[in-house]
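This report refers to the structure that appears directly beneath it.
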Amino acid sequence: MEPFLYMVPYLLVECASSDEQRAQYSLEPFTYERPTNIPPARAGDCGVYTLKYIECHALGIEFSKKDFAKANGKTMRDKMAVDIFQELPDAHEFENKDNDDNLGAYDG
């Protein structure tokens with residue numbers, strides 16, 4: 001973990017697309033913590049749990065075991081897929097196309 005604490009700040013500075021963006025970042029190493037209060041995830045839910053935990057941490061929202069219960073895994077995954085889709089550039093351009101060009105592609 002230690003190399004990433006030093007490497008990521010440098011990457012942010014080097015990959016910034018403008019001097020204004022570059023000025024937002026510091027070369028100070030990141031810190032990390034290893035929380036122990038996270039409920040176990042079902043197989044396949046660990047990525048969703050990780051991203052939601054990071055989101056809560058970044059926004060200063062309390063991480064609730066109740067909200068991250070195993071039963072909520074599918075709902076979180078579905079909501080995250082919608083959120084990602086909505087953030088894609090031009091995502092809504094394709095919403096109402098009915099794919100007429102491909103009708104009959106598999107007909108005899």
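Just remember, in the structure tokens the first chain shown is A, the second B, etc., residues are 1-based per chain, and ligands are 1-based in the order shown.
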
Fill in: Test item: residues at most 9 Å from range 40-52 of chain A, only C-alpha atoms, excluding those fewer than 4 positions along its chain, as a list of chain:residue names
A:Cys56, A:His57, A:Phe68, A:Ala69, A:Lys70, A:Gly73, A:Lys74, A:Met76, A:Arg77, A:Met80

Writing out the chosen residues with N, CA and C atoms as a compact mmCIF listing (two decimals), in the first residue's frame:
# COMPACT_ATOMS: atom_id res chain seq x y z
N CYS A 56 -19.01 7.20 0.52
CA CYS A 56 -19.41 7.68 1.85
C CYS A 56 -18.26 8.41 2.52
N HIS A 57 -17.08 7.81 2.45
CA HIS A 57 -15.91 8.41 3.09
C HIS A 57 -15.59 9.77 2.47
N PHE A 68 -25.61 -1.18 4.38
CA PHE A 68 -24.74 -2.04 3.58
C PHE A 68 -24.97 -3.52 3.86
N ALA A 69 -26.16 -3.85 4.31
CA ALA A 69 -26.50 -5.24 4.56
C ALA A 69 -26.49 -6.03 3.26
N LYS A 70 -26.26 -7.32 3.35
CA LYS A 70 -26.20 -8.18 2.16
C LYS A 70 -27.44 -8.05 1.29
N GLY A 73 -27.37 -5.43 -1.59
CA GLY A 73 -26.32 -5.50 -2.62
C GLY A 73 -26.84 -5.28 -4.03
N LYS A 74 -27.93 -5.96 -4.40
CA LYS A 74 -28.48 -5.83 -5.75
C LYS A 74 -28.97 -4.41 -6.00
N MET A 76 -27.93 -1.63 -4.59
CA MET A 76 -26.77 -0.74 -4.75
C MET A 76 -26.14 -0.92 -6.12
N ARG A 77 -26.01 -2.16 -6.58
CA ARG A 77 -25.41 -2.45 -7.88
C ARG A 77 -26.25 -1.82 -9.00
N MET A 80 -25.93 1.98 -8.93
CA MET A 80 -24.61 2.38 -9.40
C MET A 80 -24.55 2.29 -10.93

Discussion item. Applying 12 Å and only C-alpha atoms, which residues near Ala23 in chain A remain after dropping the ones on its own chain fewer than 6 positions away? List them as a list in words.
Written reply: Pro9, Leu12, Val13, Glu14, Cys15, Ala16 and Ser17 of chain A

Restricted to all heavy atoms, what would the selected residues look like written as an mmCIF file, in the first residue's frame?
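Dumped everything to out.cif:
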data_model
loop_
_atom_site.group_PDB
_atom_site.id
_atom_site.type_symbol
_atom_site.label_atom_id
_atom_site.label_comp_id
_atom_site.auth_asym_id
_atom_site.auth_seq_id
_atom_site.Cartn_x
_atom_site.Cartn_y
_atom_site.Cartn_z
ATOM 1 N N PRO A 9 -0.506 10.735 -5.777
ATOM 2 C CA PRO A 9 -0.426 12.201 -5.876
ATOM 3 C C PRO A 9 0.427 12.677 -7.067
ATOM 4 O O PRO A 9 0.071 13.642 -7.738
ATOM 5 C CB PRO A 9 0.195 12.632 -4.544
ATOM 6 C CG PRO A 9 -0.151 11.534 -3.600
ATOM 7 C CD PRO A 9 -0.135 10.279 -4.433
ATOM 8 N N LEU A 12 -1.627 12.241 -10.261
ATOM 9 C CA LEU A 12 -2.648 13.281 -10.398
ATOM 10 C C LEU A 12 -2.052 14.568 -10.945
ATOM 11 O O LEU A 12 -2.620 15.215 -11.815
ATOM 12 C CB LEU A 12 -3.330 13.543 -9.050
ATOM 13 C CG LEU A 12 -4.246 12.433 -8.549
ATOM 14 C CD1 LEU A 12 -4.688 12.724 -7.127
ATOM 15 C CD2 LEU A 12 -5.442 12.266 -9.465
ATOM 16 N N VAL A 13 -0.874 14.932 -10.450
ATOM 17 C CA VAL A 13 -0.217 16.151 -10.919
ATOM 18 C C VAL A 13 0.240 15.989 -12.364
ATOM 19 O O VAL A 13 0.001 16.848 -13.214
ATOM 20 C CB VAL A 13 0.974 16.524 -10.004
ATOM 21 C CG1 VAL A 13 1.812 17.624 -10.613
ATOM 22 C CG2 VAL A 13 0.459 16.942 -8.633
ATOM 23 N N GLU A 14 0.874 14.874 -12.670
ATOM 24 C CA GLU A 14 1.421 14.668 -14.010
ATOM 25 C C GLU A 14 0.336 14.492 -15.071
ATOM 26 O O GLU A 14 0.527 14.865 -16.221
ATOM 27 C CB GLU A 14 2.346 13.445 -14.032
ATOM 28 C CG GLU A 14 3.646 13.667 -13.305
ATOM 29 C CD GLU A 14 4.477 14.779 -13.937
ATOM 30 O OE1 GLU A 14 4.561 14.850 -15.176
ATOM 31 O OE2 GLU A 14 5.034 15.589 -13.180
ATOM 32 N N CYS A 15 -0.797 13.934 -14.708
ATOM 33 C CA CYS A 15 -1.858 13.668 -15.680
ATOM 34 C C CYS A 15 -2.880 14.799 -15.778
ATOM 35 O O CYS A 15 -3.815 14.713 -16.580
ATOM 36 C CB CYS A 15 -2.568 12.361 -15.338
ATOM 37 S SG CYS A 15 -1.494 10.930 -15.493
ATOM 38 N N ALA A 16 -2.725 15.822 -14.984
ATOM 39 C CA ALA A 16 -3.655 16.955 -15.042
ATOM 40 C C ALA A 16 -3.580 17.585 -16.428
ATOM 41 O O ALA A 16 -2.505 17.708 -17.016
ATOM 42 C CB ALA A 16 -3.307 17.972 -13.963
ATOM 43 N N SER A 17 -4.740 17.971 -16.958
ATOM 44 C CA SER A 17 -4.783 18.478 -18.332
ATOM 45 C C SER A 17 -4.468 19.966 -18.444
ATOM 46 O O SER A 17 -4.320 20.478 -19.544
ATOM 47 C CB SER A 17 -6.154 18.182 -18.940
ATOM 48 O OG SER A 17 -7.163 18.809 -18.187
#

Discussion item. Here is a test: counting only C-alpha atoms, which residue of A:Tyr32, A:Val8, A:Gln24, A:Lys66 is nearest to Ile54 in chain A?
Written reply: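 Comparing A:Tyr32, A:Val8, A:Gln24, A:Lys66 against Ile54 in chain A, the winner is A:Tyr32.
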
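Here CA of Pro29 in chain A is placed at a distance of 9.2 Å from CA of Glu2 in chain A.
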
Item to complete: Could you jot down the CA of Ile61 in chain A to CA of Asp78 in chain A separation for me, Å, one decimal place?
Response: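 CA of Asp78 in chain A lies 20.5 Å from CA of Ile61 in chain A.
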
Discussion item. What does the structure give for the distance between CA of Glu20 in chain A and CA of Glu55 in chain A, in Å to one decimal?
Written reply: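 Computed distance, CA of Glu20 in chain A to CA of Glu55 in chain A, equals 24.7 Å.
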